[in-house]
>>> print(open('target17.csv').read())   # CSV, C-alpha atoms
chain,number,residue,atom,x,y,z
A,17,MET,CA,55.0,15.7,88.5
A,18,ASN,CA,57.5,12.9,89.1
A,19,LEU,CA,58.1,9.3,90.1
A,20,PHE,CA,60.1,6.4,92.0
A,21,ASN,CA,63.2,5.1,94.2
A,22,ARG,CA,64.9,3.6,97.2
A,23,VAL,CA,67.4,0.8,97.5
A,24,VAL,CA,65.8,-2.4,98.8
A,25,SER,CA,68.4,-4.9,99.9
A,26,SER,CA,68.4,-8.3,98.3
A,27,ARG,CA,70.4,-11.3,99.4
A,28,ARG,CA,72.0,-13.8,97.1
A,29,GLN,CA,70.0,-16.8,96.5
A,30,ALA,CA,70.5,-20.2,94.8
A,31,PRO,CA,69.5,-20.1,91.1
A,32,PRO,CA,65.9,-21.2,90.6
A,33,VAL,CA,65.0,-24.4,88.8
A,34,PRO,CA,63.7,-23.3,85.3
A,35,PRO,CA,60.2,-24.4,84.5
A,36,GLN,CA,60.0,-27.7,82.6
A,37,ARG,CA,59.8,-27.2,78.8
A,38,PRO,CA,56.7,-28.9,77.3
A,39,ALA,CA,57.5,-32.0,75.3
A,40,GLY,CA,58.3,-31.2,71.7
A,41,ALA,CA,58.8,-27.5,72.3
A,42,PRO,CA,62.1,-26.0,70.9
A,43,ALA,CA,64.9,-25.4,73.3
A,44,SER,CA,65.2,-21.9,74.6
A,45,PRO,CA,68.3,-19.9,73.6
A,46,THR,CA,71.0,-20.1,76.2
A,47,ALA,CA,73.0,-17.0,75.4
A,48,VAL,CA,70.7,-14.8,73.4
A,49,LEU,CA,68.9,-11.9,74.9
A,50,PRO,CA,66.2,-10.9,75.2
A,51,ASP,CA,64.4,-14.1,76.0
A,52,PRO,CA,60.9,-13.8,74.4
A,53,HIS,CA,59.6,-16.7,76.4
A,54,LEU,CA,60.4,-15.2,79.8
A,55,THR,CA,61.0,-18.8,81.0
A,56,ASN,CA,63.1,-17.9,84.0
A,57,LEU,CA,61.2,-14.9,85.4
A,58,THR,CA,58.5,-16.4,87.6
A,59,GLY,CA,58.9,-15.0,91.1
A,60,GLU,CA,59.1,-11.9,93.3
A,61,TRP,CA,61.1,-9.0,92.2
A,62,VAL,CA,62.0,-5.4,93.3
A,63,VAL,CA,63.0,-2.4,91.3
A,64,ASP,CA,66.7,-1.5,91.6
A,65,PRO,CA,66.7,2.3,91.9
A,66,ALA,CA,70.5,2.5,91.2
A,67,HIS,CA,69.8,1.3,87.6
A,68,SER,CA,66.2,2.5,87.1
A,69,ARG,CA,64.3,5.7,86.4
A,70,ILE,CA,60.7,6.4,87.0
A,71,GLY,CA,60.1,9.7,85.4
A,72,PHE,CA,57.9,12.0,83.4
A,73,SER,CA,58.0,14.7,80.8
A,74,VAL,CA,55.6,17.6,80.2
A,75,ARG,CA,55.4,20.4,77.6
A,76,HIS,CA,56.3,23.8,79.1
A,77,ALA,CA,55.3,27.2,77.6
A,78,MET,CA,54.2,25.3,74.4
A,79,VAL,CA,57.8,25.1,73.1
A,80,THR,CA,60.0,23.2,75.5
A,81,THR,CA,59.8,19.9,77.5
A,82,VAL,CA,60.5,19.6,81.2
A,83,ARG,CA,61.7,16.2,82.4
A,84,GLY,CA,61.9,14.9,85.9
A,85,CYS,CA,61.7,11.8,88.1
A,86,PHE,CA,60.9,10.6,91.6
A,87,LEU,CA,64.0,9.6,93.6
A,88,GLU,CA,62.3,7.7,96.4
A,89,TYR,CA,59.9,4.8,96.1
A,90,GLU,CA,59.0,1.3,97.3
A,91,SER,CA,58.1,-1.5,94.9
A,92,ARG,CA,56.9,-5.1,94.9
A,93,LEU,CA,56.7,-7.0,91.6
A,94,TYR,CA,55.6,-10.5,90.7
A,95,PHE,CA,56.3,-12.0,87.2
A,96,ASP,CA,54.6,-15.2,86.1
A,97,ALA,CA,56.3,-16.8,83.1
A,98,ARG,CA,53.7,-19.4,82.4
A,99,ASP,CA,50.7,-17.0,82.7
A,100,PRO,CA,51.7,-13.3,82.3
A,101,ALA,CA,48.1,-12.4,83.2
A,102,ARG,CA,48.9,-13.3,86.8
A,103,SER,CA,51.8,-10.9,87.0
A,104,ARG,CA,51.3,-7.8,89.1
A,105,ALA,CA,53.0,-4.6,90.3
A,106,ASP,CA,52.7,-2.4,93.3
A,107,ILE,CA,54.8,0.8,93.4
A,108,THR,CA,54.6,3.6,96.0
A,109,LEU,CA,56.3,6.9,95.2
A,110,PHE,CA,57.2,9.6,97.7
A,111,THR,CA,56.0,12.9,96.3
A,112,SER,CA,58.5,15.0,98.1
A,113,SER,CA,61.3,13.3,96.2
A,114,VAL,CA,60.4,14.9,92.8
A,115,ASP,CA,63.5,16.1,91.0
A,116,THR,CA,63.6,18.1,87.8
A,117,GLY,CA,67.0,19.6,88.3
A,118,VAL,CA,65.7,23.0,89.4
A,119,GLU,CA,65.2,23.6,93.1
A,120,GLN,CA,62.6,26.4,92.7
A,121,ARG,CA,60.6,24.3,90.2
A,122,ASP,CA,60.7,21.2,92.5
A,123,ALA,CA,59.5,23.3,95.4
A,124,HIS,CA,56.5,24.5,93.4
A,125,LEU,CA,55.7,20.9,92.3
A,126,VAL,CA,55.7,19.6,95.9
A,127,GLY,CA,53.5,22.5,97.0
A,128,ARG,CA,49.8,22.9,97.1
A,129,ASP,CA,49.5,24.0,93.5
A,130,PHE,CA,50.6,20.5,92.3
A,131,LEU,CA,51.4,17.4,94.4
A,132,ASP,CA,50.8,18.9,97.9
A,133,ALA,CA,53.4,16.6,99.4
A,134,ALA,CA,52.7,17.7,103.0
A,135,THR,CA,49.1,16.4,102.7
A,136,TYR,CA,49.6,13.6,100.2
A,137,PRO,CA,53.2,12.2,100.9
A,138,ARG,CA,52.7,9.2,98.6
A,139,MET,CA,51.5,8.3,95.1
A,140,ARG,CA,50.7,4.7,94.2
A,141,PHE,CA,50.3,2.5,91.2
A,142,THR,CA,48.6,-0.9,91.7
A,143,SER,CA,48.1,-3.2,88.8
A,144,SER,CA,44.8,-5.0,88.1
A,145,ALA,CA,45.5,-6.9,84.9
A,146,VAL,CA,48.3,-7.8,82.4
A,147,GLU,CA,47.9,-9.0,78.9
A,148,HIS,CA,50.4,-10.1,76.2
A,149,ALA,CA,50.3,-7.6,73.3
A,150,GLY,CA,52.9,-9.0,71.0
A,151,THR,CA,56.5,-10.3,71.0
A,152,ASP,CA,58.2,-8.8,74.1
A,153,LEU,CA,55.2,-6.4,74.4
A,154,TYR,CA,52.8,-6.3,77.4
A,155,ARG,CA,49.9,-4.1,78.5
A,156,MET,CA,49.5,-3.6,82.3
A,157,SER,CA,46.3,-2.0,83.5
A,158,GLY,CA,46.0,-0.6,87.0
A,159,ASP,CA,45.0,2.3,89.3
A,160,LEU,CA,47.1,5.3,89.8
A,161,THR,CA,46.5,7.3,93.0
A,162,ILE,CA,47.6,10.9,93.2
A,163,LYS,CA,46.3,13.3,95.9
A,164,GLY,CA,43.8,10.8,97.1
A,165,VAL,CA,42.3,10.3,93.7
A,166,SER,CA,42.5,6.9,92.0
A,167,ARG,CA,41.9,6.5,88.3
A,168,PRO,CA,42.7,3.7,85.8
A,169,VAL,CA,45.8,3.9,83.6
A,170,VAL,CA,47.3,1.5,81.1
A,171,LEU,CA,51.1,1.0,80.8
A,172,ASP,CA,52.7,-0.2,77.6
A,173,LEU,CA,55.6,-2.4,78.6
A,174,THR,CA,58.5,-3.7,76.5
A,175,TYR,CA,60.6,-6.6,77.9
A,176,ILE,CA,64.3,-5.8,77.4
A,177,GLY,CA,66.0,-8.9,78.7
A,178,HIS,CA,67.0,-11.2,81.6
A,179,VAL,CA,70.6,-11.7,82.9
A,180,THR,CA,72.6,-12.8,85.9
A,181,ASP,CA,75.1,-10.1,86.7
A,182,PRO,CA,78.7,-10.6,87.8
A,183,PHE,CA,77.6,-10.5,91.5
A,184,GLY,CA,75.2,-13.3,91.0
A,185,TYR,CA,72.0,-11.2,91.1
A,186,GLU,CA,69.3,-12.0,88.5
A,187,ARG,CA,68.1,-9.0,86.7
A,188,ALA,CA,65.2,-8.3,84.3
A,189,GLY,CA,64.7,-5.1,82.3
A,190,PHE,CA,61.4,-3.4,81.1
A,191,ASP,CA,60.6,-0.1,79.6
A,192,GLY,CA,57.1,1.3,80.2
A,193,THR,CA,55.2,4.4,79.2
A,194,THR,CA,51.7,6.0,79.4
A,195,THR,CA,50.2,9.4,79.0
A,196,ILE,CA,47.8,10.9,81.5
A,197,ASN,CA,45.8,14.1,81.8
A,198,ARG,CA,46.9,15.7,85.1
A,199,SER,CA,43.6,17.4,85.6
A,200,ASP,CA,42.0,14.0,86.1
A,201,TRP,CA,43.9,13.8,89.4
A,202,GLY,CA,43.1,17.4,90.5
A,203,LEU,CA,46.4,18.8,89.3
A,204,THR,CA,44.7,21.8,87.7
A,205,TYR,CA,47.1,24.7,88.3
A,206,ASN,CA,48.1,26.6,85.2
A,207,SER,CA,48.7,30.1,83.8
A,208,ARG,CA,47.9,31.4,80.3
A,209,LEU,CA,50.4,32.7,77.8
A,210,ALA,CA,49.9,36.1,76.1
A,211,GLU,CA,50.1,34.3,72.7
A,212,GLY,CA,47.5,31.8,73.8
A,213,GLY,CA,47.9,28.3,75.2
A,214,ALA,CA,49.0,27.2,78.7
A,215,MET,CA,52.2,27.5,80.5
A,216,VAL,CA,52.1,23.8,81.5
A,217,SER,CA,50.5,21.1,79.3
A,218,GLU,CA,47.6,19.1,80.6
A,219,LYS,CA,49.2,15.9,79.1
A,220,VAL,CA,52.0,14.3,81.1
A,221,ARG,CA,54.0,11.4,79.8
A,222,LEU,CA,55.1,8.8,82.4
A,223,GLN,CA,58.2,6.9,81.6
A,224,LEU,CA,59.6,3.8,83.4
A,225,ASP,CA,63.0,2.4,82.7
A,226,ILE,CA,63.0,-0.5,85.1
A,227,ALA,CA,65.8,-2.9,86.2
A,228,ALA,CA,64.3,-5.4,88.5
A,229,ILE,CA,66.2,-7.8,90.9
A,230,ARG,CA,64.8,-11.1,91.9
A,231,MET,CA,64.1,-11.3,95.6
A,232,ALA,CA,65.2,-14.2,97.7
A,233,PRO,CA,62.3,-16.5,98.6
A,234,SER,CA,60.9,-16.1,102.1
A,235,ALA,CA,62.1,-18.6,104.7
A,236,GLY,CA,59.7,-21.2,106.0
>>> encode(input="target17.csv", output="structure tokens")
Amino acid sequence: MNLFNRVVSSRRQAPPVPPQRPAGAPASPTAVLPDPHLTNLTGEWVVDPAHSRIGFSVRHAMVTTVRGCFLEYESRLYFDARDPARSRADITLFTSSVDTGVEQRDAHLVGRDFLDAATYPRMRFTSSAVEHAGTDLYRMSGDLTIKGVSRPVVLDLTYIGHVTDPFGYERAGFDGTTTINRSDWGLTYNSRLAEGGAMVSEKVRLQLDIAAIRMAPSAG
């Protein structure tokens, strides 16, 4: 299996006005990252594929780990600094873009035994809830759709930081992970080893290293 990409253009925008700090609240650090209060993050964002990786890892032949990622995807994110529960994410992955670094293996993954990219060209994650789980830690629930099957998953997210880069773009970083059982989505292909056990593990770890760029507000 594999996961996301595709550059989405973003125009320079005027810096947003930070939310007003409640009376009596301590001032937020001005030069220390990460910012645990996420005070400047409210708004629409998009994943920057040039500096992000949406990938996976799975045990192979019981003794090694195969890692891969999706190279093409579309994304739409919304962060709410005052009420993280209102944050949301919608990410569509193009299944034919799976990349493990081995052409023969990639061809097998996009074939009917696994992702069946000809019939199901897209995978999708749509969030349904977000909760604060601790300092810089969040838990995002949502539905993951693979091969037409939608099942709930929970992503554990760590907020990394928020900066304005030398080109004037606002960036925020998050790491996310979850583990799924691929059979729950109909990815049941396998072969048995002579010593016992399976060639490919049922458990797949999904790993998201996200650099998001703030989108310019819509005109009007």
>>> residues_near_point(input="target17.csv", point="(52.4, 1.3, 90.7)", cutoff="9 Å", atoms="all atoms listed in the file", output="CSV table (one decimal) with C-alpha atoms, keeping the file's coordinate frame")
chain,number,residue,atom,x,y,z
A,91,SER,CA,58.1,-1.5,94.9
A,92,ARG,CA,56.9,-5.1,94.9
A,105,ALA,CA,53.0,-4.6,90.3
A,106,ASP,CA,52.7,-2.4,93.3
A,107,ILE,CA,54.8,0.8,93.4
A,108,THR,CA,54.6,3.6,96.0
A,109,LEU,CA,56.3,6.9,95.2
A,139,MET,CA,51.5,8.3,95.1
A,140,ARG,CA,50.7,4.7,94.2
A,141,PHE,CA,50.3,2.5,91.2
A,142,THR,CA,48.6,-0.9,91.7
A,143,SER,CA,48.1,-3.2,88.8
A,158,GLY,CA,46.0,-0.6,87.0
A,159,ASP,CA,45.0,2.3,89.3
A,160,LEU,CA,47.1,5.3,89.8
A,161,THR,CA,46.5,7.3,93.0
>>> closest_residue(input="target17.csv", among="A:Asp152, A:Leu131, A:Val126, A:Thr116", to="Arg198 of chain A", atoms="all atoms listed in the file")
A:Leu131
>>> axis_aligned_box(input="target17.csv", around="segment 95-113 of chain A", padding_each_side="3 Å", output="JSON")
{"center_x": 54.7, "center_y": -2.2, "center_z": 90.2, "size_x": 19.2, "size_y": 40.4, "size_z": 21.8}
>>> atom_distance(input="target17.csv", atom1="atom CA of Asp96 of chain A", atom2="atom CA of Leu224 of chain A")
19.8 Å
>>> atom_distance(input="target17.csv", atom1="atom CA of Pro100 of chain A", atom2="atom CA of Pro65 of chain A")
23.7 Å
>>> residues_around(input="target17.csv", residues="Thr194 of chain A", least_positions_apart="6", cutoff="9 Å", atoms="all atoms listed in the file", output="list of chain:residue names")
A:Val169, A:Val170, A:Leu171, A:Asp172, A:Val220, A:Arg221, A:Leu222, A:Gln223
>>> write_last_selection(input="target17.csv", atoms="C-alpha atoms", output="CSV table (one decimal), keeping the file's coordinate frame")
chain,number,residue,atom,x,y,z
A,169,VAL,CA,45.8,3.9,83.6
A,170,VAL,CA,47.3,1.5,81.1
A,171,LEU,CA,51.1,1.0,80.8
A,172,ASP,CA,52.7,-0.2,77.6
A,220,VAL,CA,52.0,14.3,81.1
A,221,ARG,CA,54.0,11.4,79.8
A,222,LEU,CA,55.1,8.8,82.4
A,223,GLN,CA,58.2,6.9,81.6
>>> atom_distance(input="target17.csv", atom1="atom CA of Val179 of chain A", atom2="atom CA of Trp61 of chain A")
13.6 Å
>>> closest_residue(input="target17.csv", among="A:Asp99, A:Leu203, A:Pro168, A:Arg121", to="His76 of chain A", atoms="all atoms listed in the file")
A:Arg121
>>> residues_around(input="target17.csv", residues="Gly127 of chain A", least_positions_apart="6", cutoff="12 Å", atoms="only C-alpha atoms", output="list in words")
Met17, Thr111, Ser112, Val114, Gln120, Arg121, Ala133, Ala134, Thr135, Tyr136, Pro137, Lys163, Leu203 and Tyr205 of chain A
>>> closest_residue(input="target17.csv", among="A:Asp200, A:Asp115, A:Asp129, A:Asp225", to="Asp64 of chain A", atoms="all atoms listed in the file")
A:Asp225
>>> residues_around(input="target17.csv", residues="Ile70 of chain A", least_positions_apart="3", cutoff="10 Å", atoms="only C-alpha atoms", output="VMD selection string")
chain A and resid 18 to 21 65 84 to 89 109 191 to 193 222 to 226
>>> closest_residue(input="target17.csv", among="A:His67, A:Tyr154, A:Arg230, A:Ser166", to="Glu186 of chain A", atoms="all atoms listed in the file")
A:Arg230
>>> closest_residue(input="target17.csv", among="A:Met156, A:Val216, A:Ala66, A:Ala228", to="Val82 of chain A", atoms="only C-alpha atoms")
A:Val216
>>> closest_residue(input="target17.csv", among="A:Glu90, A:Arg102, A:Ile196, A:Leu125", to="Arg138 of chain A", atoms="all atoms listed in the file")
A:Glu90
>>> residues_near_point(input="target17.csv", point="(54.0, -18.1, 84.7)", cutoff="10 Å", atoms="only C-alpha atoms", output="list of chain:residue names")
A:Pro35, A:Leu54, A:Thr55, A:Asn56, A:Leu57, A:Thr58, A:Gly59, A:Tyr94, A:Phe95, A:Asp96, A:Ala97, A:Arg98, A:Asp99, A:Pro100, A:Ala101, A:Arg102, A:Ser103
>>> decode(input="target17.csv", residues="segment 52-83 of chain A", atoms="N, CA, C and O atoms", output="short mmCIF file (atom, residue, chain, number, x, y, z; two decimals), in the first residue's frame")
data_model
loop_
_atom_site.label_atom_id
_atom_site.label_comp_id
_atom_site.auth_asym_id
_atom_site.auth_seq_id
_atom_site.Cartn_x
_atom_site.Cartn_y
_atom_site.Cartn_z
N PRO A 52 2.80 25.79 21.46
CA PRO A 52 1.82 24.83 21.95
C PRO A 52 0.40 25.35 21.89
O PRO A 52 -0.56 24.60 22.01
N HIS A 53 0.21 26.65 21.75
CA HIS A 53 -1.14 27.21 21.75
C HIS A 53 -1.73 27.33 20.34
O HIS A 53 -2.91 27.64 20.19
N LEU A 54 -0.96 27.09 19.31
CA LEU A 54 -1.44 27.13 17.93
C LEU A 54 -2.19 28.42 17.61
O LEU A 54 -3.13 28.44 16.83
N THR A 55 -1.73 29.53 18.20
CA THR A 55 -2.52 30.76 18.14
C THR A 55 -2.67 31.33 16.75
O THR A 55 -3.61 32.09 16.49
N ASN A 56 -1.78 31.00 15.83
CA ASN A 56 -1.83 31.62 14.50
C ASN A 56 -2.26 30.67 13.39
O ASN A 56 -2.10 30.99 12.22
N LEU A 57 -2.80 29.52 13.75
CA LEU A 57 -3.04 28.50 12.73
C LEU A 57 -4.43 28.50 12.12
O LEU A 57 -4.66 27.80 11.13
N THR A 58 -5.39 29.22 12.67
CA THR A 58 -6.75 29.14 12.16
C THR A 58 -6.81 29.52 10.69
O THR A 58 -6.31 30.57 10.28
N GLY A 59 -7.41 28.65 9.87
CA GLY A 59 -7.56 28.93 8.45
C GLY A 59 -7.42 27.69 7.60
O GLY A 59 -7.28 26.57 8.09
N GLU A 60 -7.46 27.90 6.28
CA GLU A 60 -7.35 26.82 5.30
C GLU A 60 -5.88 26.58 4.95
O GLU A 60 -5.12 27.52 4.74
N TRP A 61 -5.52 25.30 4.84
CA TRP A 61 -4.15 24.92 4.54
C TRP A 61 -4.16 23.81 3.49
O TRP A 61 -5.18 23.18 3.24
N VAL A 62 -2.99 23.57 2.89
CA VAL A 62 -2.83 22.49 1.93
C VAL A 62 -1.48 21.84 2.18
O VAL A 62 -0.51 22.50 2.56
N VAL A 63 -1.40 20.52 1.98
CA VAL A 63 -0.15 19.80 2.17
C VAL A 63 0.83 20.17 1.07
O VAL A 63 0.48 20.20 -0.12
N ASP A 64 2.06 20.47 1.44
CA ASP A 64 3.14 20.78 0.49
C ASP A 64 3.87 19.48 0.17
O ASP A 64 4.65 18.98 0.97
N PRO A 65 3.63 18.89 -1.01
CA PRO A 65 4.23 17.58 -1.33
C PRO A 65 5.74 17.61 -1.44
O PRO A 65 6.40 16.58 -1.31
N ALA A 66 6.31 18.79 -1.72
CA ALA A 66 7.77 18.87 -1.85
C ALA A 66 8.47 18.67 -0.51
O ALA A 66 9.66 18.35 -0.47
N HIS A 67 7.75 18.88 0.58
CA HIS A 67 8.35 18.75 1.91
C HIS A 67 7.54 17.84 2.83
O HIS A 67 7.64 17.94 4.05
N SER A 68 6.73 16.97 2.24
CA SER A 68 5.89 16.07 3.02
C SER A 68 6.05 14.64 2.49
O SER A 68 6.52 14.42 1.37
N ARG A 69 5.65 13.71 3.33
CA ARG A 69 5.65 12.31 2.91
C ARG A 69 4.46 11.61 3.56
O ARG A 69 4.30 11.65 4.77
N ILE A 70 3.62 11.01 2.72
CA ILE A 70 2.51 10.22 3.23
C ILE A 70 2.80 8.78 2.85
O ILE A 70 2.70 8.39 1.69
N GLY A 71 3.21 8.01 3.81
CA GLY A 71 3.75 6.70 3.49
C GLY A 71 3.23 5.59 4.38
O GLY A 71 2.30 5.76 5.15
N PHE A 72 3.87 4.44 4.25
CA PHE A 72 3.46 3.25 4.98
C PHE A 72 4.66 2.34 5.16
O PHE A 72 5.68 2.47 4.47
N SER A 73 4.52 1.41 6.08
CA SER A 73 5.52 0.35 6.24
C SER A 73 4.78 -0.93 6.59
O SER A 73 3.76 -0.90 7.27
N VAL A 74 5.31 -2.05 6.11
CA VAL A 74 4.68 -3.35 6.35
C VAL A 74 5.78 -4.41 6.44
O VAL A 74 6.77 -4.38 5.71
N ARG A 75 5.59 -5.34 7.35
CA ARG A 75 6.55 -6.43 7.53
C ARG A 75 6.46 -7.39 6.34
O ARG A 75 5.38 -7.76 5.90
N HIS A 76 7.65 -7.77 5.82
CA HIS A 76 7.72 -8.66 4.66
C HIS A 76 8.52 -9.90 5.02
O HIS A 76 9.61 -9.80 5.60
N ALA A 77 7.95 -11.06 4.71
CA ALA A 77 8.60 -12.35 4.97
C ALA A 77 8.97 -12.52 6.43
O ALA A 77 9.92 -13.25 6.76
N MET A 78 8.27 -11.82 7.32
CA MET A 78 8.43 -11.96 8.77
C MET A 78 9.72 -11.38 9.32
O MET A 78 9.89 -11.28 10.53
N VAL A 79 10.66 -10.98 8.45
CA VAL A 79 11.97 -10.58 8.96
C VAL A 79 12.43 -9.20 8.49
O VAL A 79 13.40 -8.66 9.02
N THR A 80 11.79 -8.63 7.46
CA THR A 80 12.21 -7.33 6.96
C THR A 80 10.99 -6.40 6.88
O THR A 80 9.85 -6.84 7.00
N THR A 81 11.24 -5.11 6.64
CA THR A 81 10.17 -4.13 6.53
C THR A 81 10.26 -3.42 5.19
O THR A 81 11.32 -2.91 4.82
N VAL A 82 9.16 -3.40 4.45
CA VAL A 82 9.07 -2.67 3.19
C VAL A 82 8.41 -1.32 3.47
O VAL A 82 7.39 -1.25 4.16
N ARG A 83 9.00 -0.25 2.94
CA ARG A 83 8.46 1.10 3.12
C ARG A 83 8.13 1.71 1.77
O ARG A 83 8.83 1.48 0.79
#
